[in-house]
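Okay, protein.tsv is below, TSV, C-alpha atoms and all ligand atoms:
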```
chain	number	residue	atom	x	y	z
B	734	MET	CA	0.00	0.00	0.00
B	735	ALA	CA	1.74	3.16	-1.18
B	736	LYS	CA	-0.66	5.60	0.37
B	737	MET	CA	-0.12	7.02	3.80
B	738	LEU	CA	-3.66	6.03	4.67
B	739	GLU	CA	-6.52	3.97	3.45
B	740	ARG	CA	-9.98	4.98	4.41
B	741	PRO	CA	-12.04	4.38	6.47
B	742	VAL	CA	-9.84	5.87	9.13
B	743	PRO	CA	-8.95	3.59	12.05
B	744	GLU	CA	-11.83	2.79	14.31
B	745	GLY	CA	-12.26	5.31	17.06
B	746	SER	CA	-9.67	7.74	15.71
B	747	ARG	CA	-12.34	10.42	15.20
B	748	SER	CA	-13.23	10.28	18.84
B	749	VAL	CA	-13.04	13.73	20.36
B	750	SER	CA	-11.51	12.21	23.50
B	751	TRP	CA	-8.05	12.02	21.96
B	752	PRO	CA	-5.73	14.48	23.64
B	753	TRP	CA	-4.90	16.16	20.32
B	754	TYR	CA	-8.52	17.22	19.94
B	755	HIS	CA	-8.75	20.57	21.71
B	756	HIS	CA	-12.31	21.42	22.56
B	757	VAL	CA	-11.81	25.13	22.86
B	758	LEU	CA	-9.59	27.70	21.25
B	759	THR	CA	-7.13	29.22	23.68
B	760	ASP	CA	-3.80	30.71	22.62
B	761	GLU	CA	-3.97	29.08	19.15
B	762	LEU	CA	-6.01	32.05	17.95
B	763	THR	CA	-3.11	34.48	17.81
B	764	SER	CA	-3.56	38.11	16.85
B	765	GLU	CA	-1.96	37.19	13.49
B	766	ALA	CA	-4.47	34.38	12.84
B	767	ARG	CA	-7.33	36.69	13.86
B	768	SER	CA	-6.01	39.34	11.53
B	769	VAL	CA	-5.81	36.96	8.55
B	770	LEU	CA	-9.42	35.89	9.16
B	771	VAL	CA	-10.64	39.46	9.55
B	772	LYS	CA	-8.62	41.19	6.82
B	773	TYR	CA	-8.13	38.41	4.26
B	774	SER	CA	-11.31	36.38	4.81
B	775	GLN	CA	-13.48	39.37	5.78
B	776	ILE	CA	-14.94	37.60	8.82
B	777	PRO	CA	-16.51	40.16	11.17
B	778	PRO	CA	-14.26	40.32	14.27
B	779	ARG	CA	-17.01	39.15	16.61
B	780	ASN	CA	-17.58	36.04	14.48
B	781	VAL	CA	-14.01	34.83	14.13
B	782	GLU	CA	-14.16	32.16	16.81
B	783	SER	CA	-17.56	30.85	15.80
B	784	HIS	CA	-16.41	30.78	12.17
B	785	ILE	CA	-13.47	28.55	13.10
B	786	TYR	CA	-15.68	26.28	15.20
B	787	SER	CA	-18.46	26.12	12.70
B	788	ILE	CA	-16.87	24.89	9.56
B	789	VAL	CA	-20.17	23.28	8.83
B	790	SER	CA	-20.45	19.50	8.89
B	791	LEU	CA	-21.27	17.74	5.63
B	792	PRO	CA	-24.05	15.17	5.73
B	793	SER	CA	-21.42	12.52	4.93
B	794	LEU	CA	-19.35	13.64	7.88
B	795	SER	CA	-22.35	13.58	10.14
B	796	LEU	CA	-22.93	10.01	9.06
B	797	SER	CA	-19.33	8.97	9.64
B	798	LEU	CA	-19.26	10.63	13.01
B	799	LYS	CA	-22.49	8.89	13.91
B	800	ALA	CA	-20.92	5.61	12.82
B	801	ASP	CA	-18.14	6.28	15.31
B	802	GLY	CA	-20.80	6.92	17.97
B	803	ILE	CA	-20.11	10.65	18.02
B	804	PRO	CA	-22.88	13.20	17.56
B	805	PRO	CA	-22.12	15.69	14.74
B	806	ARG	CA	-20.31	18.68	16.20
B	807	GLN	CA	-19.21	22.05	15.09
B	808	ARG	CA	-15.80	22.47	13.42
B	809	ASP	CA	-15.67	18.78	12.72
B	810	LYS	CA	-15.86	18.72	8.99
B	811	ALA	CA	-12.07	18.82	8.91
B	812	TRP	CA	-11.85	16.26	11.73
B	813	GLY	CA	-14.12	14.03	9.66
B	814	ILE	CA	-11.89	14.14	6.59
B	815	PHE	CA	-9.05	12.84	8.72
B	816	PRO	CA	-8.43	13.39	12.44
B	817	TRP	CA	-4.99	14.95	12.07
B	818	PRO	CA	-3.52	16.44	15.22
B	819	CYS	CA	-2.91	19.64	13.20
B	820	VAL	CA	-6.70	19.94	12.89
B	821	GLY	CA	-7.55	18.87	16.44
B	822	GLU	CA	-4.91	21.16	17.93
B	823	PHE	CA	-5.88	24.13	15.71
B	824	TRP	CA	-2.27	24.05	14.47
B	825	PHE	CA	-3.54	25.31	11.09
B	826	LEU	CA	-3.93	28.72	12.77
B	827	ALA	CA	-0.18	28.83	13.44
B	828	PHE	CA	0.68	29.13	9.71
B	829	GLY	CA	3.69	26.83	10.12
B	830	LEU	CA	5.55	28.02	7.00
B	831	SER	CA	5.56	31.59	8.30
B	832	LEU	CA	7.37	30.40	11.44
B	833	HIS	CA	10.30	29.08	9.41
B	834	PRO	CA	13.47	31.16	9.86
B	835	LEU	CA	13.73	31.58	6.06
B	836	TYR	CA	10.16	32.78	5.53
B	837	GLN	CA	10.73	36.49	6.05
B	838	PRO	CA	14.25	36.88	4.64
B	839	LEU	CA	14.04	34.51	1.67
B	840	VAL	CA	10.63	33.04	0.88
B	841	LEU	CA	8.57	36.23	0.92
B	842	PRO	CA	11.03	38.35	-1.10
B	843	ARG	CA	11.28	35.60	-3.70
B	844	LEU	CA	7.49	35.30	-3.91
B	845	HIS	CA	7.16	39.06	-4.31
B	846	ALA	CA	9.68	38.79	-7.15
B	847	GLY	CA	7.53	36.18	-8.93
B	848	ALA	CA	8.78	32.81	-7.66
B	849	THR	CA	6.34	29.88	-7.61
B	850	LEU	CA	5.59	27.99	-4.39
B	851	LEU	CA	3.96	24.60	-3.85
B	852	ASP	CA	2.66	23.73	-0.37
B	853	LEU	CA	2.72	19.94	-0.27
B	854	GLY	CA	0.50	18.35	2.39
B	855	SER	CA	-1.40	21.62	2.51
B	856	CYS	CA	-4.36	20.45	4.65
B	857	LEU	CA	-6.64	23.52	4.97
B	858	GLY	CA	-4.45	25.63	2.69
B	859	GLN	CA	-3.48	27.97	5.49
B	860	ASP	CA	0.11	28.55	4.45
B	861	VAL	CA	-0.65	29.73	0.93
B	862	ARG	CA	-3.34	32.04	2.34
B	863	LYS	CA	-0.79	33.51	4.73
B	864	CYS	CA	1.55	34.12	1.79
B	865	ILE	CA	-1.23	36.02	-0.01
B	866	TYR	CA	-1.99	37.97	3.19
B	867	ASP	CA	1.73	38.84	3.26
B	868	GLY	CA	1.57	40.22	-0.27
B	869	ALA	CA	2.54	37.25	-2.49
B	870	PRO	CA	0.78	37.09	-5.88
B	871	PRO	CA	-1.87	34.30	-5.68
B	872	THR	CA	-1.17	33.24	-9.27
B	873	ASN	CA	2.20	31.78	-8.23
B	874	LEU	CA	0.93	29.73	-5.28
B	875	TYR	CA	-0.15	26.08	-5.38
B	876	ALA	CA	-1.39	23.69	-2.72
B	877	SER	CA	-1.64	19.91	-2.83
B	878	ASP	CA	-2.92	17.22	-0.49
B	879	LEU	CA	-3.92	13.57	-0.49
B	880	PHE	CA	-7.51	14.52	0.41
B	881	SER	CA	-9.45	16.32	-2.33
B	882	GLU	CA	-12.04	17.39	0.26
B	883	TYR	CA	-9.66	20.02	1.61
B	884	GLU	CA	-10.17	22.16	-1.49
B	885	GLU	CA	-13.81	23.04	-0.74
B	886	LEU	CA	-13.21	23.17	2.98
B	887	SER	CA	-10.36	25.63	2.58
B	888	TYR	CA	-12.57	27.92	0.47
B	889	GLU	CA	-15.11	27.71	3.25
B	890	LEU	CA	-12.58	28.48	5.95
B	891	TRP	CA	-10.79	31.28	4.12
B	892	ARG	CA	-13.84	32.49	2.16
B	893	ASP	CA	-11.88	33.02	-1.03
B	894	LYS	CA	-13.45	30.76	-3.63
B	895	ALA	CA	-13.97	33.76	-5.89
B	896	THR	CA	-10.39	34.96	-5.63
B	897	PHE	CA	-8.13	31.96	-5.02
B	898	PRO	CA	-6.93	30.86	-8.47
B	899	GLN	CA	-8.86	27.96	-10.00
B	900	GLY	CA	-6.92	24.74	-10.35
B	901	HIS	CA	-4.26	25.76	-7.84
B	902	PHE	CA	-5.31	23.07	-5.38
B	903	MET	CA	-4.26	19.66	-6.61
B	904	ALA	CA	-5.34	16.45	-4.93
B	905	ASP	CA	-2.54	13.92	-5.32
B	906	ASP	CA	-0.67	11.21	-3.46
B	907	ILE	CA	3.06	11.80	-3.26
B	908	LEU	CA	3.47	8.07	-2.59
B	909	ALA	CA	1.26	6.82	-5.42
B	910	PRO	CA	2.59	3.96	-7.57
B	911	ASN	CA	4.91	5.29	-10.29
B	912	GLU	CA	2.43	5.20	-13.15
B	913	ALA	CA	-0.35	6.82	-11.12
B	914	PHE	CA	2.03	9.53	-9.89
B	915	THR	CA	3.21	10.25	-13.45
B	916	ARG	CA	-0.42	10.62	-14.55
B	917	GLY	CA	-1.45	12.53	-11.41
B	918	THR	CA	-2.24	16.21	-11.02
B	919	LEU	CA	1.17	17.24	-9.68
B	920	MET	CA	3.05	15.88	-12.67
B	921	THR	CA	0.48	16.80	-15.32
B	922	GLN	CA	-1.18	20.04	-14.13
B	923	LEU	CA	1.84	21.51	-12.40
B	924	GLY	CA	4.55	19.55	-14.16
B	925	PRO	CA	8.09	18.48	-13.35
B	926	GLY	CA	10.64	21.19	-12.59
B	927	GLN	CA	8.06	23.96	-12.19
B	928	CYS	CA	8.35	24.98	-8.52
B	929	ASP	CA	10.95	27.43	-7.25
B	930	ILE	CA	9.98	26.72	-3.63
B	931	ILE	CA	8.31	23.63	-2.13
B	932	SER	CA	7.08	23.81	1.45
B	933	ILE	CA	6.71	20.51	3.31
B	934	THR	CA	5.67	21.66	6.75
B	935	MET	CA	4.82	18.86	9.21
B	936	PHE	CA	4.78	16.43	6.31
B	937	LEU	CA	7.66	13.96	5.92
B	938	HIS	CA	7.42	12.84	9.54
B	939	LEU	CA	4.18	11.04	8.61
B	940	PHE	CA	6.16	8.37	6.78
B	941	ASN	CA	8.72	5.65	7.38
B	942	TYR	CA	12.24	6.09	5.96
B	943	ALA	CA	11.53	4.28	2.68
B	944	ASN	CA	8.48	6.44	2.00
B	945	GLN	CA	10.31	9.62	3.04
B	946	LEU	CA	12.98	8.77	0.47
B	947	LYS	CA	10.34	8.13	-2.19
B	948	ALA	CA	8.59	11.42	-1.36
B	949	ALA	CA	11.86	13.38	-1.26
B	950	THR	CA	12.94	12.04	-4.67
B	951	ARG	CA	9.59	13.05	-6.17
B	952	ILE	CA	9.75	16.46	-4.54
B	953	LEU	CA	13.10	16.95	-6.28
B	954	ARG	CA	11.42	16.08	-9.60
B	955	LEU	CA	8.88	18.84	-9.01
B	956	LEU	CA	11.53	21.37	-8.00
B	957	ALA	CA	12.80	23.89	-10.58
B	958	HIS	CA	15.99	22.76	-12.30
B	959	LYS	CA	18.11	25.71	-11.26
B	960	PRO	CA	20.50	26.60	-8.46
B	961	GLY	CA	18.79	28.19	-5.46
B	962	SER	CA	15.52	26.26	-5.83
B	963	LEU	CA	14.37	25.52	-2.32
B	964	VAL	CA	12.56	22.85	-0.29
B	965	LEU	CA	11.87	23.91	3.27
B	966	GLY	CA	9.80	23.02	6.29
B	967	SER	CA	9.67	21.76	9.82
B	968	GLN	CA	8.71	18.46	11.38
B	969	ALA	CA	8.88	16.36	14.51
B	970	GLY	CA	12.39	15.07	15.12
B	971	SER	CA	14.28	13.15	17.75
B	972	THR	CA	17.73	13.33	19.25
B	973	THR	CA	17.89	9.58	18.59
B	974	PRO	CA	17.01	9.01	14.92
B	975	GLY	CA	15.13	5.93	13.86
B	976	GLU	CA	11.84	4.22	13.06
B	977	VAL	CA	9.21	4.71	15.75
B	978	PRO	CA	6.07	2.51	15.91
B	979	LEU	CA	2.86	4.47	15.53
B	980	LYS	CA	0.75	4.72	18.64
B	981	PRO	CA	-2.98	4.09	19.01
B	982	PRO	CA	-5.27	4.68	17.22
B	983	PHE	CA	-3.00	4.89	14.17
B	984	ALA	CA	-1.03	1.81	15.20
B	985	GLU	CA	-3.94	-0.12	13.78
B	986	LEU	CA	-2.94	0.93	10.26
B	987	HIS	CA	-0.93	-1.79	8.63
B	988	GLU	CA	1.28	-1.64	5.59
B	989	GLU	CA	1.82	-4.91	3.77
B	990	GLY	CA	1.07	-6.78	6.97
B	991	LYS	CA	3.75	-4.99	8.98
B	992	ARG	CA	3.42	-2.75	11.99
B	993	ARG	CA	3.54	0.87	10.78
B	994	THR	CA	6.40	3.08	11.78
B	995	VAL	CA	7.41	6.68	11.16
B	996	TYR	CA	11.03	7.81	10.96
B	997	ARG	CA	12.16	10.55	13.33
B	998	HIS	CA	15.31	12.42	12.28
B	999	ASN	CA	18.09	14.31	13.92
B	1000	PRO	CA	19.87	16.89	11.72
B	1001	GLU	CA	22.50	14.39	10.54
B	1002	SER	CA	20.05	11.66	9.50
B	1003	PHE	CA	17.86	14.27	7.81
B	1004	GLU	CA	20.80	15.50	5.75
B	1005	GLY	CA	21.59	11.85	4.89
B	1006	LEU	CA	18.02	11.32	3.63
B	1007	TRP	CA	18.18	14.28	1.26
B	1008	LYS	CA	21.69	13.49	0.03
B	1009	GLU	CA	20.41	10.00	-0.84
B	1010	ALA	CA	17.37	11.49	-2.61
B	1011	GLY	CA	19.65	13.98	-4.42
B	1012	ARG	CA	21.86	11.14	-5.68
B	1013	ALA	CA	18.79	9.18	-6.84
B	1014	ALA	CA	17.38	12.22	-8.67
B	1015	GLY	CA	20.74	13.47	-9.93
B	1016	VAL	CA	20.28	16.79	-8.13
B	1017	PRO	CA	23.15	18.51	-6.25
B	1018	LEU	CA	21.93	19.79	-2.88
B	1019	LYS	CA	22.95	21.81	0.13
B	1020	VAL	CA	21.04	20.68	3.23
B	1021	SER	CA	20.66	22.56	6.48
B	1022	ALA	CA	18.73	21.16	9.46
B	1023	VAL	CA	18.60	22.39	13.04
B	1024	PHE	CA	16.71	21.49	16.17
B	1025	HIS	CA	14.83	24.21	17.87
B	1026	ALA	CA	14.71	24.12	21.63
B	1027	PRO	CA	12.01	21.89	23.13
B	1028	ASP	CA	8.70	23.70	23.21
B	1029	ASP	CA	5.21	22.73	24.13
B	1030	PHE	CA	4.80	20.84	20.83
B	1031	GLY	CA	2.36	18.03	21.45
B	1032	LYS	CA	1.44	19.02	24.96
B	1033	VAL	CA	-2.15	18.93	26.06
B	1034	LYS	CA	-3.58	22.33	26.78
B	1035	ALA	CA	-4.74	22.76	30.33
B	1036	ALA	CA	-7.88	24.39	28.98
B	1037	ASP	CA	-9.11	20.98	27.86
B	1038	GLU	CA	-10.88	20.42	31.11
B	1039	GLY	CA	-12.39	17.05	31.71
B	1040	PHE	CA	-9.33	15.18	30.52
B	1041	ASP	CA	-6.88	13.37	32.67
B	1042	VAL	CA	-4.03	15.35	31.17
B	1043	ALA	CA	-1.23	13.72	33.11
B	1044	ALA	CA	-2.28	10.20	32.14
B	1045	LYS	CA	-2.68	11.14	28.50
B	1046	GLU	CA	0.70	12.79	28.34
B	1047	ARG	CA	2.31	9.68	29.78
B	1048	LYS	CA	0.53	7.49	27.30
B	1049	TYR	CA	0.72	9.38	24.04
B	1050	PHE	CA	3.55	11.83	23.91
B	1051	THR	CA	7.20	11.21	23.43
B	1052	GLY	CA	9.46	12.65	26.02
B	1053	ALA	CA	12.78	14.39	26.29
B	1054	GLU	CA	14.05	13.20	22.88
B	1055	THR	CA	11.36	15.01	20.91
B	1056	ARG	CA	12.42	18.15	19.08
B	1057	ARG	CA	11.17	20.23	16.23
B	1058	LEU	CA	13.47	20.11	13.23
B	1059	TYR	CA	13.62	23.13	10.89
B	1060	PHE	CA	15.28	22.53	7.56
B	1061	SER	CA	16.09	23.81	4.12
B	1062	VAL	CA	17.26	21.85	1.08
B	1063	MET	CA	18.67	24.07	-1.64
B	1064	ARG	CA	19.64	23.05	-5.13
B	1065	SER	CA	23.28	24.01	-5.66
S	1101	LIG	C1	0.27	16.82	9.67
S	1101	LIG	S1	-0.60	17.52	8.32
S	1101	LIG	C2	0.29	19.06	8.07
S	1101	LIG	C3	-0.53	20.06	7.32
S	1101	LIG	C4	0.13	21.42	7.08
S	1101	LIG	N1	1.27	21.32	6.20
S	1101	LIG	C5	0.51	22.07	8.40
S	1101	LIG	O1	1.68	22.35	8.62
S	1101	LIG	O2	-0.41	22.29	9.20
S	1101	LIG	C6	-0.04	16.53	6.95
S	1101	LIG	C7	-0.83	16.70	5.67
S	1101	LIG	O3	-0.25	15.85	4.66
S	1101	LIG	C8	-1.30	15.22	3.93
S	1101	LIG	N2	-0.82	13.92	3.41
S	1101	LIG	C9	-0.67	12.76	4.09
S	1101	LIG	N3	-0.22	11.79	3.28
S	1101	LIG	C10	-0.07	12.34	2.06
S	1101	LIG	C11	0.34	11.85	0.78
S	1101	LIG	N4	0.68	10.58	0.64
S	1101	LIG	N5	0.37	12.70	-0.27
S	1101	LIG	C12	0.00	14.00	-0.11
S	1101	LIG	N6	-0.43	14.53	1.07
S	1101	LIG	C13	-0.46	13.72	2.13
S	1101	LIG	C14	-2.40	15.05	4.95
S	1101	LIG	O4	-3.67	14.87	4.37
S	1101	LIG	C15	-2.28	16.32	5.79
S	1101	LIG	O5	-3.10	17.35	5.31
```

Rewrite the coordinates I just gave you, this time as structure tokens.
Ligand SMILES: C[S@@+](CC[C@H](N)C(=O)[O-])C[C@H]1O[C@@H](n2cnc3c(N)ncnc32)[C@H](O)[C@@H]1O
Amino acid sequence: MAKMLERPVPEGSRSVSWPWYHHVLTDELTSEARSVLVKYSQIPPRNVESHIYSIVSLPSLSLSLKADGIPPRQRDKAWGIFPWPCVGEFWFLAFGLSLHPLYQPLVLPRLHAGATLLDLGSCLGQDVRKCIYDGAPPTNLYASDLFSEYEELSYELWRDKATFPQGHFMADDILAPNEAFTRGTLMTQLGPGQCDIISITMFLHLFNYANQLKAATRILRLLAHKPGSLVLGSQAGSTTPGEVPLKPPFAELHEEGKRRTVYRHNPESFEGLWKEAGRAAGVPLKVSAVFHAPDDFGKVKAADEGFDVAAKERKYFTGAETRRLYFSVMRS
């Protein structure tokens, strides 16, 4: 199975009892996120929170939630597509690309000068919207995700169906079998060698090493064939690199009969991955990867009252080895 996921999603994973489902917005709604929703999406200030909560449920979602024994709730259309922690934790309001150290000094100036950017694993399309909010021309921005449903949902969230360029969201599977990938939207609608910048924020860490290598090699095929072309992002890392078994409920996903793992990198192993991908694709690369100091990444917010926070932290979150890895991979 090449895909990251096969639907239906693992039983019980849409439960709103998982610690990465935050029931209420707290500090995730930063003044920046509020400003994007008010100024870009034209949401009246008093309605911002309710707008985020009430991304209206589709009938199909209501049915799937009911099947999981959960009454349809507000905000849960995105949770129903797939219960990603980035949805449950409102991480999409953090605009992860904009937190990258190269966003202000390199990415934005290049976009203003006409560079093209692809956000791969775009989820709700928040990072390309932030680029537009920061003055980038929309015509040079593309978003792609495994789940086609995110296209409509992102229009609904950002209220820009009339202005976001048509055809700039492409549903595709970066791990599709070769023939399907060659015929897919990324290779046919966008095309090989067309992107000056590819953002892969919180993306590669979803996969085991073999699939990370496959994805990285394909990302290099999409990248513009000129020095300075850039892949950048951030992801969960570990001071001890290696394959880590997925935890419940995602542990129940199997790949070719084997227990699923994801690979966690330190800066050295991450550089090794991209050097290997560069050799496979025939692309010379300069890789930079750094750990940022431990933060509250993955911690349960105290505002989620009603949860046994301490027990959940013990059970679900990795400990002292977890870091966030920021990286750039530049074609030399
Ligand atoms: C953890 S989320 C990160 C979303 C966003 N980049 C962010 O920083 O909030 C990972 C995204 O990758 C997408 N994804 C997972 N497997 C994929 C695949 N094989 N091909 C393309 N996208 C995939 C998921 O649907 C999800 O939206």

The residue from B:Gly858, B:Gly868, B:Pro898, B:Pro752 with the smallest atom-to-atom distance to ligand LIG 1101 (chain S), counting all atoms listed in the file, is B:Gly858

Separation of CA of Lys1019 (chain B) and CA of Gly961 (chain B), in Å?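 It comes out at 9.4 Å.
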
Step by step, measure atom-to-atom distances between ligand LIG 1101 (chain S) and each residue using only C-alpha atoms and all ligand atoms, keep those at most 6 Å, then write them as a PyMOL selection string. chain B and resi 736-737+819+824-825+829+854-856+878-880+905-908+934-936

One decimal, in Å: what's the spacing between CA of Leu1058 (chain B) and CA of Gln968 (chain B)?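 Computing it gives 5.4 Å between the two atoms.
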
In terms of the shortest atom-to-atom distance over all atoms listed in the file, which of B:Ser962, B:Ser887, B:Ser748, B:Ser768 is closest to Tyr866 (chain B)?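 Of the candidates, the smallest distance to Tyr866 (chain B) is held by B:Ser768.
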
Using all atoms listed in the file, which of B:Gln945, B:Pro982, B:Asn911, B:Arg1056 sits nearest Ala969 (chain B)?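 The closest residue to Ala969 (chain B) is B:Arg1056.
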
Residue nearest Gly1011 (chain B) - candidates B:His1025, B:Lys947, B:Arg1057, B:Arg916, atoms counted: only C-alpha atoms: B:Lys947

Between CA of Leu939 (chain B) and CA of Val995 (chain B), what is the distance, to one decimal in Å?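 We find that CA of Leu939 (chain B) and CA of Val995 (chain B) lie 6.0 Å from each other.
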
Residues near Gly966 (chain B), cut-off 8 Å, all atoms listed in the file, skip fewer than 6 positions along chain, as a VMD selection string: chain B and resid 830 833 932 to 935 1059 to 1061

Considering all atoms listed in the file, state which residue in the set B:Ala904, B:Leu832, B:Leu851, B:His998 is at the smallest distance from Gly926 (chain B). B:Leu851

Set the distance at 12 Å and use all atoms listed in the file: which residues neighbour Asp867 (chain B) once local chain neighbours fewer than 3 positions away are removed? I'd like the list as a PyMOL selection string. chain B and resi 765+768-769+772-773+828+831+836-837+840-842+844-845+860-864+870-871

May I have the residues within 12 Å of Val964 (chain B) as a PyMOL selection string, using only C-alpha atoms and disregarding those fewer than 5 positions away in the same chain? chain B and resi 830+833+835-836+839-840+849-853+928-934+937+949-957+1007+1018-1022+1059-1064

So which one's closest to Ala895 (chain B), B:Ser764, B:Ser774, B:Val1023, B:Glu1001? Using only C-alpha atoms, please.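 That would be B:Ser774, the residue with the smallest distance to Ala895 (chain B).
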